[in-house]
Structure formats: C-alpha cells, structure tokens
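Peer 1: Sharing data-v1.csv, CSV, C-alpha atoms and all ligand atoms:
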chain,number,residue,atom,x,y,z
W,1006,MET,CA,24.5,9.5,-28.4
W,1007,GLN,CA,26.3,7.4,-25.8
W,1008,VAL,CA,24.5,4.5,-24.2
W,1009,ALA,CA,25.4,2.3,-21.2
W,1010,PRO,CA,27.7,-0.6,-22.0
W,1011,PRO,CA,26.1,-4.0,-22.6
W,1012,ASP,CA,27.2,-5.6,-19.4
W,1013,LEU,CA,25.3,-3.0,-17.4
W,1014,LEU,CA,22.2,-3.4,-19.6
W,1015,GLU,CA,22.4,-7.1,-18.9
W,1016,ALA,CA,22.8,-6.5,-15.1
W,1017,ARG,CA,19.7,-4.3,-15.3
W,1018,ILE,CA,17.7,-6.9,-17.2
W,1019,ALA,CA,18.8,-9.5,-14.6
W,1020,SER,CA,17.6,-7.3,-11.7
W,1021,VAL,CA,14.2,-6.9,-13.4
W,1022,THR,CA,13.8,-10.7,-14.0
W,1023,ALA,CA,14.6,-11.3,-10.4
W,1024,SER,CA,11.7,-9.0,-9.4
W,1025,MET,CA,9.5,-10.7,-11.9
W,1026,ALA,CA,10.2,-14.1,-10.4
W,1027,ALA,CA,9.3,-12.8,-7.0
W,1028,ARG,CA,5.9,-11.9,-8.4
W,1029,GLN,CA,5.5,-15.2,-10.4
W,1030,LEU,CA,5.5,-13.3,-13.7
W,1031,ASP,CA,6.7,-15.3,-16.8
W,1032,ALA,CA,7.0,-12.1,-18.8
W,1033,LEU,CA,6.7,-8.3,-18.4
W,1034,LEU,CA,5.4,-6.0,-21.1
W,1035,ILE,CA,7.3,-2.6,-20.9
W,1036,THR,CA,5.5,0.4,-22.4
W,1037,ASN,CA,7.2,3.2,-20.4
W,1038,LEU,CA,9.7,4.5,-22.9
W,1039,ALA,CA,12.2,5.4,-20.2
W,1040,ASN,CA,12.1,1.8,-19.0
W,1041,VAL,CA,12.6,0.5,-22.5
W,1042,ALA,CA,15.7,2.9,-22.8
W,1043,TYR,CA,17.0,1.8,-19.4
W,1044,LEU,CA,16.9,-1.9,-20.2
W,1045,THR,CA,18.0,-1.8,-23.9
W,1046,GLY,CA,19.7,1.5,-24.6
W,1047,PHE,CA,17.1,2.2,-27.2
W,1048,PHE,CA,15.8,5.7,-27.3
W,1049,ALA,CA,12.7,6.3,-29.5
W,1050,SER,CA,9.4,8.2,-29.6
W,1051,THR,CA,7.5,4.9,-29.8
W,1052,ALA,CA,8.7,1.5,-28.7
W,1053,ALA,CA,7.8,-1.4,-26.4
W,1054,ALA,CA,9.7,-4.4,-25.0
W,1055,LEU,CA,8.9,-7.8,-23.5
W,1056,VAL,CA,11.1,-9.2,-20.8
W,1057,THR,CA,11.1,-13.0,-20.7
W,1058,GLY,CA,13.4,-15.4,-18.9
W,1059,ASP,CA,16.8,-13.6,-19.0
W,1060,ALA,CA,16.3,-11.8,-22.3
W,1061,ILE,CA,14.3,-8.9,-23.7
W,1062,THR,CA,12.5,-8.5,-27.0
W,1063,LEU,CA,12.7,-4.9,-28.2
W,1064,ILE,CA,9.9,-3.9,-30.5
W,1065,GLY,CA,10.4,-0.9,-32.7
W,1066,ASP,CA,9.4,0.4,-36.2
W,1067,GLY,CA,11.2,0.9,-39.5
W,1068,ARG,CA,12.2,4.5,-38.7
W,1069,TYR,CA,14.6,3.0,-36.2
W,1070,ALA,CA,15.9,0.0,-38.2
W,1071,GLU,CA,19.5,1.0,-37.8
W,1072,GLN,CA,19.3,1.5,-34.0
W,1073,LEU,CA,17.3,-1.7,-33.6
W,1074,ALA,CA,20.0,-3.7,-35.4
W,1075,GLU,CA,22.7,-1.9,-33.4
W,1076,ARG,CA,21.0,-2.7,-30.1
W,1077,SER,CA,20.6,-6.4,-30.7
W,1078,ALA,CA,24.2,-6.6,-32.0
W,1079,ALA,CA,25.5,-5.1,-28.8
W,1080,SER,CA,24.0,-7.7,-26.5
W,1081,GLU,CA,22.9,-11.3,-26.9
W,1082,LYS,CA,20.2,-10.6,-24.3
W,1083,VAL,CA,18.5,-8.0,-26.5
W,1084,ARG,CA,16.5,-9.3,-29.5
W,1085,ALA,CA,15.2,-6.7,-31.8
W,1086,HIS,CA,11.8,-7.2,-33.4
W,1087,GLN,CA,10.9,-4.7,-36.1
W,1088,LEU,CA,7.3,-4.1,-37.0
W,1089,PRO,CA,6.3,-5.7,-40.3
W,1090,PRO,CA,5.4,-3.1,-42.9
W,1091,GLY,CA,1.9,-1.8,-42.3
W,1092,ALA,CA,1.5,-3.6,-38.9
W,1093,SER,CA,0.5,-1.7,-35.8
W,1094,TYR,CA,2.5,-1.7,-32.6
W,1095,ASP,CA,-0.3,-3.3,-30.6
W,1096,GLN,CA,-0.9,-6.1,-33.1
W,1097,THR,CA,2.9,-6.8,-33.2
W,1098,ILE,CA,3.1,-6.8,-29.3
W,1099,ALA,CA,0.2,-9.2,-29.2
W,1100,ASP,CA,2.0,-11.4,-31.8
W,1101,VAL,CA,5.2,-11.4,-29.7
W,1102,MET,CA,3.3,-12.2,-26.5
W,1103,ARG,CA,1.5,-15.1,-28.2
W,1104,GLU,CA,4.9,-16.7,-29.1
W,1105,THR,CA,6.0,-16.3,-25.5
W,1106,GLY,CA,6.1,-19.3,-23.1
W,1107,GLY,CA,4.4,-19.1,-19.7
W,1108,GLU,CA,1.0,-18.0,-18.6
W,1109,SER,CA,1.4,-14.9,-16.5
W,1110,ILE,CA,2.3,-11.5,-18.2
W,1111,GLY,CA,2.8,-8.4,-16.2
W,1112,PHE,CA,2.1,-5.0,-17.7
W,1113,GLU,CA,2.8,-1.5,-16.5
W,1114,ALA,CA,-0.5,-0.3,-15.2
W,1115,SER,CA,0.5,3.4,-15.2
W,1116,HIS,CA,1.8,3.2,-18.8
W,1117,LEU,CA,-0.8,1.2,-20.8
W,1118,THR,CA,-4.1,2.7,-21.7
W,1119,VAL,CA,-7.3,0.8,-21.3
W,1120,ALA,CA,-7.9,0.9,-25.1
W,1121,ARG,CA,-4.5,-0.6,-25.8
W,1122,TYR,CA,-4.9,-3.2,-23.1
W,1123,ASN,CA,-8.4,-4.2,-24.5
W,1124,PHE,CA,-7.0,-4.5,-28.0
W,1125,MET,CA,-4.1,-6.8,-27.0
W,1126,ALA,CA,-6.3,-8.9,-24.7
W,1127,ALA,CA,-8.9,-9.4,-27.6
W,1128,ALA,CA,-6.2,-10.2,-30.1
W,1129,LEU,CA,-4.7,-12.9,-27.9
W,1130,ALA,CA,-8.2,-14.3,-27.1
W,1131,ARG,CA,-9.0,-14.5,-30.8
W,1132,SER,CA,-5.7,-16.4,-31.4
W,1133,GLY,CA,-6.8,-18.9,-28.7
W,1134,ARG,CA,-3.7,-18.0,-26.5
W,1135,ALA,CA,-4.9,-17.9,-22.8
W,1136,LEU,CA,-2.7,-15.5,-20.8
W,1137,VAL,CA,-3.2,-14.0,-17.4
W,1138,PHE,CA,-2.5,-10.3,-17.3
W,1139,GLN,CA,-1.1,-8.9,-14.0
W,1140,PRO,CA,-0.9,-5.1,-13.4
W,1141,THR,CA,2.5,-4.0,-12.0
W,1142,ASP,CA,3.5,-0.6,-10.8
W,1143,GLY,CA,7.0,0.8,-10.5
W,1144,LEU,CA,8.7,-2.5,-11.0
W,1145,VAL,CA,11.5,-1.2,-13.3
W,1146,GLU,CA,11.4,2.3,-11.7
W,1147,LEU,CA,12.4,0.9,-8.4
W,1148,HIS,CA,15.7,-0.4,-9.9
W,1149,ARG,CA,16.2,2.9,-11.8
W,1150,ALA,CA,16.2,4.9,-8.5
W,1151,GLN,CA,19.7,3.5,-7.7
W,1152,LYS,CA,22.1,4.5,-10.4
W,1153,ASP,CA,24.9,2.3,-11.6
W,1154,TRP,CA,28.5,3.7,-12.1
W,1155,TRP,CA,27.8,4.7,-15.7
W,1156,GLU,CA,24.7,6.6,-14.8
W,1157,ILE,CA,26.5,8.3,-11.9
W,1158,ALA,CA,29.3,9.4,-14.3
W,1159,LYS,CA,26.8,10.6,-16.8
W,1160,LEU,CA,24.8,12.6,-14.3
W,1161,ARG,CA,27.9,14.0,-12.7
W,1162,ASP,CA,29.1,15.3,-16.1
W,1163,ALA,CA,25.6,16.7,-16.9
W,1164,ALA,CA,25.4,18.5,-13.5
W,1165,ALA,CA,28.9,20.0,-14.1
W,1166,ARG,CA,27.8,21.3,-17.5
W,1167,LEU,CA,24.6,22.7,-16.1
W,1168,SER,CA,26.6,24.5,-13.4
W,1169,ASP,CA,28.7,26.1,-16.1
W,1170,VAL,CA,25.4,27.3,-17.8
W,1171,ALA,CA,24.3,28.8,-14.4
W,1172,LYS,CA,27.7,30.6,-14.0
W,1173,CYS,CA,27.4,32.0,-17.4
W,1174,ILE,CA,23.8,33.2,-17.0
W,1175,LEU,CA,23.7,34.5,-13.4
W,1176,PRO,CA,26.0,37.5,-13.9
W,1177,LYS,CA,24.0,38.8,-16.8
W,1178,ALA,CA,21.7,41.8,-16.4
W,1179,LEU,CA,18.0,40.9,-16.0
W,1180,ALA,CA,16.2,44.2,-15.4
W,1181,GLY,CA,14.5,45.5,-18.6
W,1182,ARG,CA,14.5,42.1,-20.4
W,1183,THR,CA,11.5,39.8,-20.7
W,1184,GLU,CA,11.3,36.5,-19.0
W,1185,SER,CA,11.2,34.8,-22.4
W,1186,GLU,CA,14.4,36.5,-23.6
W,1187,VAL,CA,16.2,35.2,-20.5
W,1188,ALA,CA,14.8,31.7,-21.0
W,1189,ALA,CA,16.0,31.7,-24.6
W,1190,ASP,CA,19.5,32.7,-23.4
W,1191,ILE,CA,19.5,29.8,-20.9
W,1192,GLU,CA,18.3,27.3,-23.5
W,1193,TYR,CA,21.0,28.6,-26.0
W,1194,GLU,CA,23.7,28.1,-23.4
W,1195,MET,CA,22.4,24.6,-22.6
W,1196,ARG,CA,22.8,23.6,-26.2
W,1197,ARG,CA,26.2,25.1,-26.4
W,1198,ALA,CA,27.1,23.1,-23.2
W,1199,GLY,CA,26.3,19.9,-25.1
W,1200,PHE,CA,22.7,19.2,-23.9
W,1201,GLU,CA,20.5,17.7,-26.6
W,1202,ARG,CA,17.4,19.5,-25.3
W,1203,PRO,CA,15.9,21.2,-22.2
W,1204,ALA,CA,14.6,18.6,-19.7
W,1205,PHE,CA,11.4,20.7,-19.2
W,1206,ASP,CA,10.1,24.2,-20.1
W,1207,THR,CA,12.6,26.6,-18.7
W,1208,ILE,CA,11.1,28.7,-15.9
W,1209,VAL,CA,12.0,32.4,-15.6
W,1210,ALA,CA,9.6,33.9,-13.2
W,1211,ALA,CA,10.0,37.5,-11.9
W,1212,GLY,CA,8.1,39.5,-9.3
W,1213,PRO,CA,4.6,38.2,-8.7
W,1214,ASN,CA,5.3,35.4,-11.2
W,1215,ALA,CA,8.0,34.1,-8.8
W,1216,ALA,CA,5.3,33.2,-6.3
W,1217,ARG,CA,4.0,30.5,-8.6
W,1218,PRO,CA,6.4,27.4,-8.4
W,1219,HIS,CA,5.4,26.2,-11.9
W,1220,ALA,CA,5.2,29.6,-13.7
W,1221,ARG,CA,6.6,29.5,-17.3
W,1222,ALA,CA,8.6,32.3,-18.9
W,1223,SER,CA,6.3,35.0,-20.2
W,1224,GLY,CA,6.6,38.2,-22.2
W,1225,ARG,CA,6.6,40.3,-19.0
W,1226,ARG,CA,9.6,42.7,-18.5
W,1227,ILE,CA,11.7,42.1,-15.4
W,1228,GLU,CA,11.8,45.2,-13.1
W,1229,ALA,CA,14.7,46.3,-11.0
W,1230,GLY,CA,14.7,44.9,-7.5
W,1231,GLU,CA,12.4,42.0,-8.3
W,1232,LEU,CA,13.1,38.4,-7.3
W,1233,VAL,CA,13.7,36.2,-10.3
W,1234,VAL,CA,13.4,32.4,-10.1
W,1235,LEU,CA,15.4,30.7,-12.9
W,1236,ASP,CA,14.7,26.9,-13.0
W,1237,PHE,CA,16.3,25.0,-15.9
W,1238,GLY,CA,17.6,21.6,-16.8
W,1239,GLY,CA,19.1,19.8,-19.8
W,1240,VAL,CA,19.1,16.3,-21.1
W,1241,LEU,CA,22.5,14.7,-21.8
W,1242,ASP,CA,22.5,11.2,-23.5
W,1243,GLY,CA,19.0,10.7,-22.2
W,1244,TYR,CA,19.7,11.8,-18.6
W,1245,CYS,CA,18.1,14.8,-17.0
W,1246,THR,CA,19.6,17.5,-14.7
W,1247,ASP,CA,17.7,20.2,-13.0
W,1248,MET,CA,18.7,23.3,-11.0
W,1249,THR,CA,17.2,26.6,-9.7
W,1250,ARG,CA,18.7,29.9,-8.6
W,1251,THR,CA,16.8,32.9,-7.4
W,1252,VAL,CA,18.4,36.3,-7.8
W,1253,THR,CA,17.3,39.9,-7.6
W,1254,ALA,CA,17.4,42.0,-10.7
W,1255,GLY,CA,19.8,44.7,-9.6
W,1256,PRO,CA,20.5,45.5,-6.0
W,1257,SER,CA,18.3,43.5,-3.6
W,1258,GLY,CA,16.3,44.7,-0.7
W,1259,ALA,CA,16.7,43.4,2.8
W,1260,ARG,CA,13.6,41.2,2.7
W,1261,GLU,CA,14.7,39.5,-0.6
W,1262,ARG,CA,18.2,38.9,0.7
W,1263,ARG,CA,17.0,37.4,4.0
W,1264,LEU,CA,14.5,35.1,2.2
W,1265,ILE,CA,17.2,33.8,-0.1
W,1266,GLU,CA,19.5,33.1,2.9
W,1267,GLN,CA,16.7,31.3,4.8
W,1268,VAL,CA,15.9,29.0,1.8
W,1269,ILE,CA,19.6,28.2,1.4
W,1270,GLU,CA,19.6,27.3,5.1
W,1271,ALA,CA,16.7,25.0,4.5
W,1272,GLN,CA,18.5,23.3,1.6
W,1273,SER,CA,21.6,22.8,3.8
W,1274,ALA,CA,19.5,21.2,6.5
W,1275,ALA,CA,18.1,18.8,3.9
W,1276,PHE,CA,21.6,18.0,2.7
W,1277,GLU,CA,22.8,17.3,6.2
W,1278,ARG,CA,20.0,14.7,6.6
W,1279,THR,CA,20.7,13.0,3.3
W,1280,ARG,CA,22.5,9.7,3.5
W,1281,ALA,CA,21.9,6.0,2.8
W,1282,GLY,CA,19.2,4.7,5.1
W,1283,SER,CA,17.4,8.0,5.7
W,1284,ALA,CA,13.7,8.1,5.1
W,1285,PRO,CA,12.8,10.5,2.2
W,1286,GLU,CA,10.2,12.2,4.5
W,1287,SER,CA,12.9,13.0,7.1
W,1288,VAL,CA,15.0,14.9,4.5
W,1289,ASP,CA,11.8,16.8,3.6
W,1290,ALA,CA,11.2,17.5,7.3
W,1291,ALA,CA,14.7,18.9,7.8
W,1292,ALA,CA,14.1,21.6,5.1
W,1293,ARG,CA,10.5,22.2,6.2
W,1294,ASP,CA,11.5,22.7,9.9
W,1295,VAL,CA,13.9,25.5,9.0
W,1296,LEU,CA,11.2,27.4,7.0
W,1297,LYS,CA,8.7,26.7,9.9
W,1298,LYS,CA,11.2,28.2,12.3
W,1299,TYR,CA,11.0,31.4,10.3
W,1300,GLY,CA,7.2,31.3,10.2
W,1301,MET,CA,7.1,30.2,6.5
W,1302,GLY,CA,5.8,26.7,6.8
W,1303,ASP,CA,2.7,27.5,4.8
W,1304,ALA,CA,4.8,29.3,2.1
W,1305,PHE,CA,6.6,26.0,1.2
W,1306,THR,CA,4.0,24.5,-1.0
W,1307,HIS,CA,5.8,21.5,-2.6
W,1308,GLY,CA,8.1,18.6,-1.8
W,1309,THR,CA,11.8,19.1,-1.0
W,1310,GLY,CA,13.0,17.1,-4.0
W,1311,HIS,CA,12.8,14.3,-6.6
W,1312,GLY,CA,14.9,11.7,-8.2
W,1313,LEU,CA,16.7,12.5,-11.5
W,1314,GLY,CA,17.6,10.1,-14.3
W,1315,LEU,CA,16.0,9.1,-17.6
W,1316,GLU,CA,13.0,11.2,-16.4
W,1317,VAL,CA,13.2,14.6,-14.7
W,1318,HIS,CA,10.8,13.5,-12.0
W,1319,GLU,CA,11.4,9.9,-10.7
W,1320,ALA,CA,11.9,8.0,-7.5
W,1321,PRO,CA,12.7,8.9,-4.8
W,1322,ARG,CA,10.2,11.6,-4.0
W,1323,LEU,CA,11.0,13.8,-1.0
W,1324,SER,CA,7.8,15.0,0.4
W,1325,PRO,CA,6.1,15.1,3.9
W,1326,ALA,CA,4.7,11.6,3.6
W,1327,ARG,CA,5.5,8.6,1.5
W,1328,SER,CA,2.7,7.8,-0.9
W,1329,SER,CA,3.1,4.1,-0.4
W,1330,ILE,CA,5.0,1.6,1.7
W,1331,ALA,CA,6.8,0.4,-1.4
W,1332,GLU,CA,8.7,3.7,-1.6
W,1333,PRO,CA,12.3,2.8,-0.5
W,1334,LEU,CA,14.6,4.5,2.0
W,1335,LEU,CA,17.4,6.5,0.5
W,1336,ALA,CA,20.3,4.3,-0.8
W,1337,ALA,CA,23.8,5.0,-2.0
W,1338,GLY,CA,23.7,5.7,-5.7
W,1339,MET,CA,20.4,7.6,-5.7
W,1340,ILE,CA,20.6,11.0,-7.4
W,1341,MET,CA,18.0,13.6,-6.6
W,1342,THR,CA,17.3,17.3,-6.2
W,1343,LEU,CA,17.1,19.3,-3.0
W,1344,GLU,CA,14.8,22.3,-3.8
W,1345,PRO,CA,13.1,24.0,-0.9
W,1346,GLY,CA,11.2,27.2,-1.7
W,1347,ALA,CA,8.9,29.8,-0.2
W,1348,TYR,CA,6.2,31.6,-2.1
W,1349,PHE,CA,4.1,34.7,-1.3
W,1350,PRO,CA,1.3,35.3,-3.8
W,1351,GLY,CA,1.2,38.7,-5.3
W,1352,TRP,CA,4.8,39.5,-4.2
W,1353,GLY,CA,7.3,36.9,-5.1
W,1354,GLY,CA,9.1,33.7,-4.2
W,1355,VAL,CA,12.4,32.0,-3.8
W,1356,ARG,CA,13.6,28.5,-4.7
W,1357,ILE,CA,17.1,27.1,-4.6
W,1358,GLU,CA,17.7,23.7,-6.3
W,1359,ASP,CA,20.7,21.5,-6.6
W,1360,ASP,CA,21.4,17.9,-7.6
W,1361,VAL,CA,23.0,15.6,-5.0
W,1362,LEU,CA,24.3,12.0,-5.0
W,1363,VAL,CA,23.4,9.9,-2.0
W,1364,THR,CA,26.5,8.1,-0.5
W,1365,ALA,CA,26.9,5.5,2.3
W,1366,ASP,CA,27.6,8.2,4.9
W,1367,GLY,CA,26.2,11.4,3.5
W,1368,ALA,CA,25.7,13.1,0.2
W,1369,GLU,CA,27.7,14.9,-2.5
W,1370,TRP,CA,26.7,18.1,-4.4
W,1371,LEU,CA,26.7,17.5,-8.1
W,1372,THR,CA,25.7,21.0,-9.2
W,1373,ASP,CA,27.9,23.9,-8.1
W,1374,ALA,CA,27.2,27.6,-8.7
W,1375,PRO,CA,26.8,30.6,-6.4
W,1376,LYS,CA,23.5,30.4,-4.4
W,1377,ALA,CA,23.2,34.0,-3.3
W,1378,GLY,CA,24.0,37.2,-4.9
W,1379,ASP,CA,22.5,40.1,-6.8
W,1380,ALA,CA,22.2,39.8,-10.6
W,1381,ALA,CA,23.7,42.6,-12.6
X,1,ZN,ZN,13.9,22.5,-11.3
X,2,ZN,ZN,13.2,19.9,-9.7
Give the structure from the file, written as structure tokens.
Ligand code: ZN
Ligand code: ZN
Peer 2:
Amino acid sequence: MQVAPPDLLEARIASVTASMAARQLDALLITNLANVAYLTGFFASTAAALVTGDAITLIGDGRYAEQLAERSAASEKVRAHQLPPGASYDQTIADVMRETGGESIGFEASHLTVARYNFMAAALARSGRALVFQPTDGLVELHRAQKDWWEIAKLRDAAARLSDVAKCILPKALAGRTESEVAADIEYEMRRAGFERPAFDTIVAAGPNAARPHARASGRRIEAGELVVLDFGGVLDGYCTDMTRTVTAGPSGARERRLIEQVIEAQSAAFERTRAGSAPESVDAAARDVLKKYGMGDAFTHGTGHGLGLEVHEAPRLSPARSSIAEPLLAAGMIMTLEPGAYFPGWGGVRIEDDVLVTADGAEWLTDAPKAGDAA
C-alpha cells in the first residue's frame, strides 16, 4: 500500500497544530481512524494518536509492530508507541497523556464514546494528573477537505480506474440477471482494476427498488425495460471513489429516457456552479432548480453531493442548507461527488454521480463514462 510522503504528513501535522494553538489546546487525542491515517500514514482497524507540540505519538498494538516501526522511521515527527503486552488501548492512551506536558487536551467528541472518556478521565485522576478535557469537532476533518497534491493524484488515478470499471460493466446485459449477480460482477471488476475493497455496499437497484436511494443489491431478477441504478465505489491506497449510472435494461421507454436526460442536466448545472469560493448550498440549489423546473423538486430527496477522501462521505456536504457556520466555502483542491437524483416510489428512480475536483476558476471531472444509454 502506498502512503503519502513524509514531508506531506509533516505539513498536515503542522496545520493541525496551528488549529490547536488557536483553540489553546496543548494536545489533541485522535480516535477517528481516518484522521490517524491522514496524519501518520498508519492504516489499522484499531489505533489512536496524540498530537503534541509539532509531533504526533502513534499508538498501536503488536499486530501492527512492523507498520508502527516503519511509520516512525519515515518521519521524525511521528513517534510510535506500541501497546505493552496485555495492556488495553485506553490504559495506554491514558499513560501517554499523563506523560504529556500542558494542561488542556482536546478530544474528538464525535469519535470517543462516553465509556472510553470516563475510563481515561478516571485513570488520569487516579494518577494525580490534572488535565482539562476539551471537546473538539471536525478539527482534522476541516484540513482533510482540501486535498494536497498527493491525494489529488491518488483520487485522480482511482477515479480513472473506477471509470474503466463502469465502461466494462455498462454494456453488459442486465435483464434476466439478479441485482446481486450484477453487484458481484462490479465488485470483481473493481478488484481487477486494483481496488483493495469496495468503498461501501454496492448498490444495484432495479424497477421499484431504484426508487430507494439507499437500496442494496437483492436477489430480485431485473426485468426488461426497468431502470437500474448502479452505485459503486472502490478504495485505492485508503482513498474512496464513488460513482452512479442509471440505465434501462434493454430498450428504454420515453419516460425513462427523459428522466435520465433531466438528471444529467441537473448534474451539469451543479458542475457549472462549482468553483473555489462557491457556497456548497448554491451548488445544491443549481441541481435542485433544474429538477424543480421539471416539477420534480419533491422527488430529489437527498443532497447533491459529498466530499471524498479517506472516508466515502466527508466534508464538504452539498445540501440545501449548511449544518453549521463552520462548514467552509468550496476551495481549490476539494474533491467531491455531484449526484442529483429523482425517485418515484413504486415505479423507479434515476441518479447520476461523478467525482469532481474543485479548481480556482471551475471544476474538473475525475470520473468519465457514458451517462446516458440503454444497457444491452
Ligand atoms: Zn455513490
Ligand atoms: Zn455518493
């Protein structure tokens, strides 16, 4: 697995320490695994990290001894701390925090359970170390939204590979096969294209199932003339791609064809509005206005897109309203999906999704595969 070069990891750590200083935090406990990976290049099913001053202590267990040693050898800013045999993560984290200078420790409020928090606070209190815990939210995620050159190259490569998967799958016959069979084909092609795993459960949703934006693939057989939503993504070196095409199985009817064209028009309108400085909600409005124009405002039941990176859903979020004032305007280097859709319960639905890179004066498509056309 390839990871970002050490100078980029160090630049990311420096950005986070600057944000910590602005909040008067002496240390920051990282328990979101994607944030650990972002700052250290360490990918694991369990880990934690503590940012202090301009360095980061990476906490991992013996299963990852080799990667821990490799990560700390790669950068003098990364210190690996392996769990002593038999020790728990939370006791080890408390021990590392106790050794830390300073009084104020931030933690990731959305990624630390109350039980773990209570355990660490009690362990520190027992040891006589008085620390003030400060909840933080999205501190590292805010930096992750704007990709560095290495991440842009990685996601560009991943999007090109996913486009090849789409081009291979779309011409194949769908009618008579089950949704699950088609999903298995997609996942097989993703592995062949170099992806380490699917980024989420592959969606193949035909006929009435296509009316449900988050349908999974079922054992239902696809019938001729039905709309089929294919939504799939892969993970390449930790980075997620995501795309959707909607096709008709066999020759399409006029209603199906028109609906696909209208959703493509909505996606184009969102793309035209995408540039550095745009508000995320204005990009959403551009797509939504097109569907409203066709009387389908109520049929578009989700946001227009989401950021992509180490997680398949991350900042920015393109929806009708920003959830908080802290959500930033679009900036060059952000990578996100544009995925308007329209859904009609009991009948079917259409969604078209591509990945784009935000640039200073516009946007660039990263995924590239035919958007309209009948499946065989
Ligand atoms: Zn998707
Ligand atoms: Zn998506």
Peer 1: Hey, what's within 9 Å of Ala1292 (chain W) if we count all atoms listed in the file and toss same-chain stuff fewer than 5 positions away? As a list in words, please?
Peer 2: Val1268, Glu1270, Ala1271, Gln1272, Ser1273, Ala1274, Ala1275, Phe1276, Ser1287, Lys1297, Thr1309, Leu1343, Glu1344 and Pro1345 of chain W
Peer 1: Looking at W:Glu1192, W:Asp1236, W:Glu1081, W:Glu1075, which one is nearest to Ile1018 (chain W), with distances taken over only C-alpha atoms?
Peer 2: W:Glu1081
Peer 1: Listing only residues of chain W within 9 Å of ligand ZN 2 (chain X), what is the closest atom pair and its distance in Å (to one decimal) for each, using all atoms listed in the file, sorted by chain and residue number ascending, as a tab-separated table?
Peer 2:
residue	atom	partner	partner_atom	distance
W:Asp1236	CA	X:ZN2	ZN	7.9
W:Phe1237	CA	X:ZN2	ZN	8.6
W:Gly1238	CA	X:ZN2	ZN	8.5
W:Thr1246	CA	X:ZN2	ZN	8.5
W:Asp1247	CA	X:ZN2	ZN	5.6
W:Met1248	CA	X:ZN2	ZN	6.6
W:Thr1249	CA	X:ZN2	ZN	7.8
W:Thr1309	CA	X:ZN2	ZN	8.8
W:Gly1310	CA	X:ZN2	ZN	6.4
W:His1311	CA	X:ZN2	ZN	6.4
W:Gly1312	CA	X:ZN2	ZN	8.5
W:Leu1313	CA	X:ZN2	ZN	8.4
W:Val1317	CA	X:ZN2	ZN	7.3
W:His1318	CA	X:ZN2	ZN	7.2
W:Met1341	CA	X:ZN2	ZN	8.5
W:Thr1342	CA	X:ZN2	ZN	6.0
W:Leu1343	CA	X:ZN2	ZN	7.8
W:Glu1344	CA	X:ZN2	ZN	6.6
W:Glu1358	CA	X:ZN2	ZN	6.8
W:Asp1359	CA	X:ZN2	ZN	8.3
W:Asp1360	CA	X:ZN2	ZN	8.7
Peer 1: With only C-alpha atoms as the atoms that count, which of W:Val1187, W:Val1252, W:Leu1232, W:Ala1099 lies nearest to Gly1133 (chain W)?
Peer 2: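 Under the stated criterion, the closest residue is W:Ala1099.
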Peer 1: As a list in words, please: the residues near Gly1212 (chain W) (cut-off 9 Å, only C-alpha atoms, same-chain neighbours under 5 positions excluded).
Peer 2: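 So the residues in contact are Ile1227, Glu1228, Gly1230, Glu1231, Leu1232, Val1233, Val1234, Gly1351, Trp1352, Gly1353 and Gly1354 of chain W.
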Peer 1: As an exercise, work out the distance from CA of Gln1087 (chain W) to CA of Gly1067 (chain W) in Å and give it to one decimal place.
Peer 2: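 Atom-to-atom, CA of Gln1087 (chain W) to CA of Gly1067 (chain W), that is 6.6 Å.
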Peer 1: Any idea what's packed within 10 Å of Trp1154 (chain W), counting only C-alpha atoms, ignoring anything in its chain fewer than 6 positions away? Could you give it as a VMD selection string?
Peer 2: chain W and resid 1009 1013 1160 1338
Peer 1: What does the distance between CA of Leu1014 (chain W) and CA of Leu1044 (chain W) come to in Å, to one decimal place?
Peer 2: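 About the pair CA of Leu1014 (chain W) and CA of Leu1044 (chain W): they are 5.5 Å apart.
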Peer 1: Please return, as a PyMOL selection string, all polymer residues that have at least one atom within 9 Å of the point (24.1, 2.1, 2.3); use only C-alpha atoms and the file's own coordinate frame.
Peer 2: chain W and resi 1280-1282+1335-1338+1363-1366
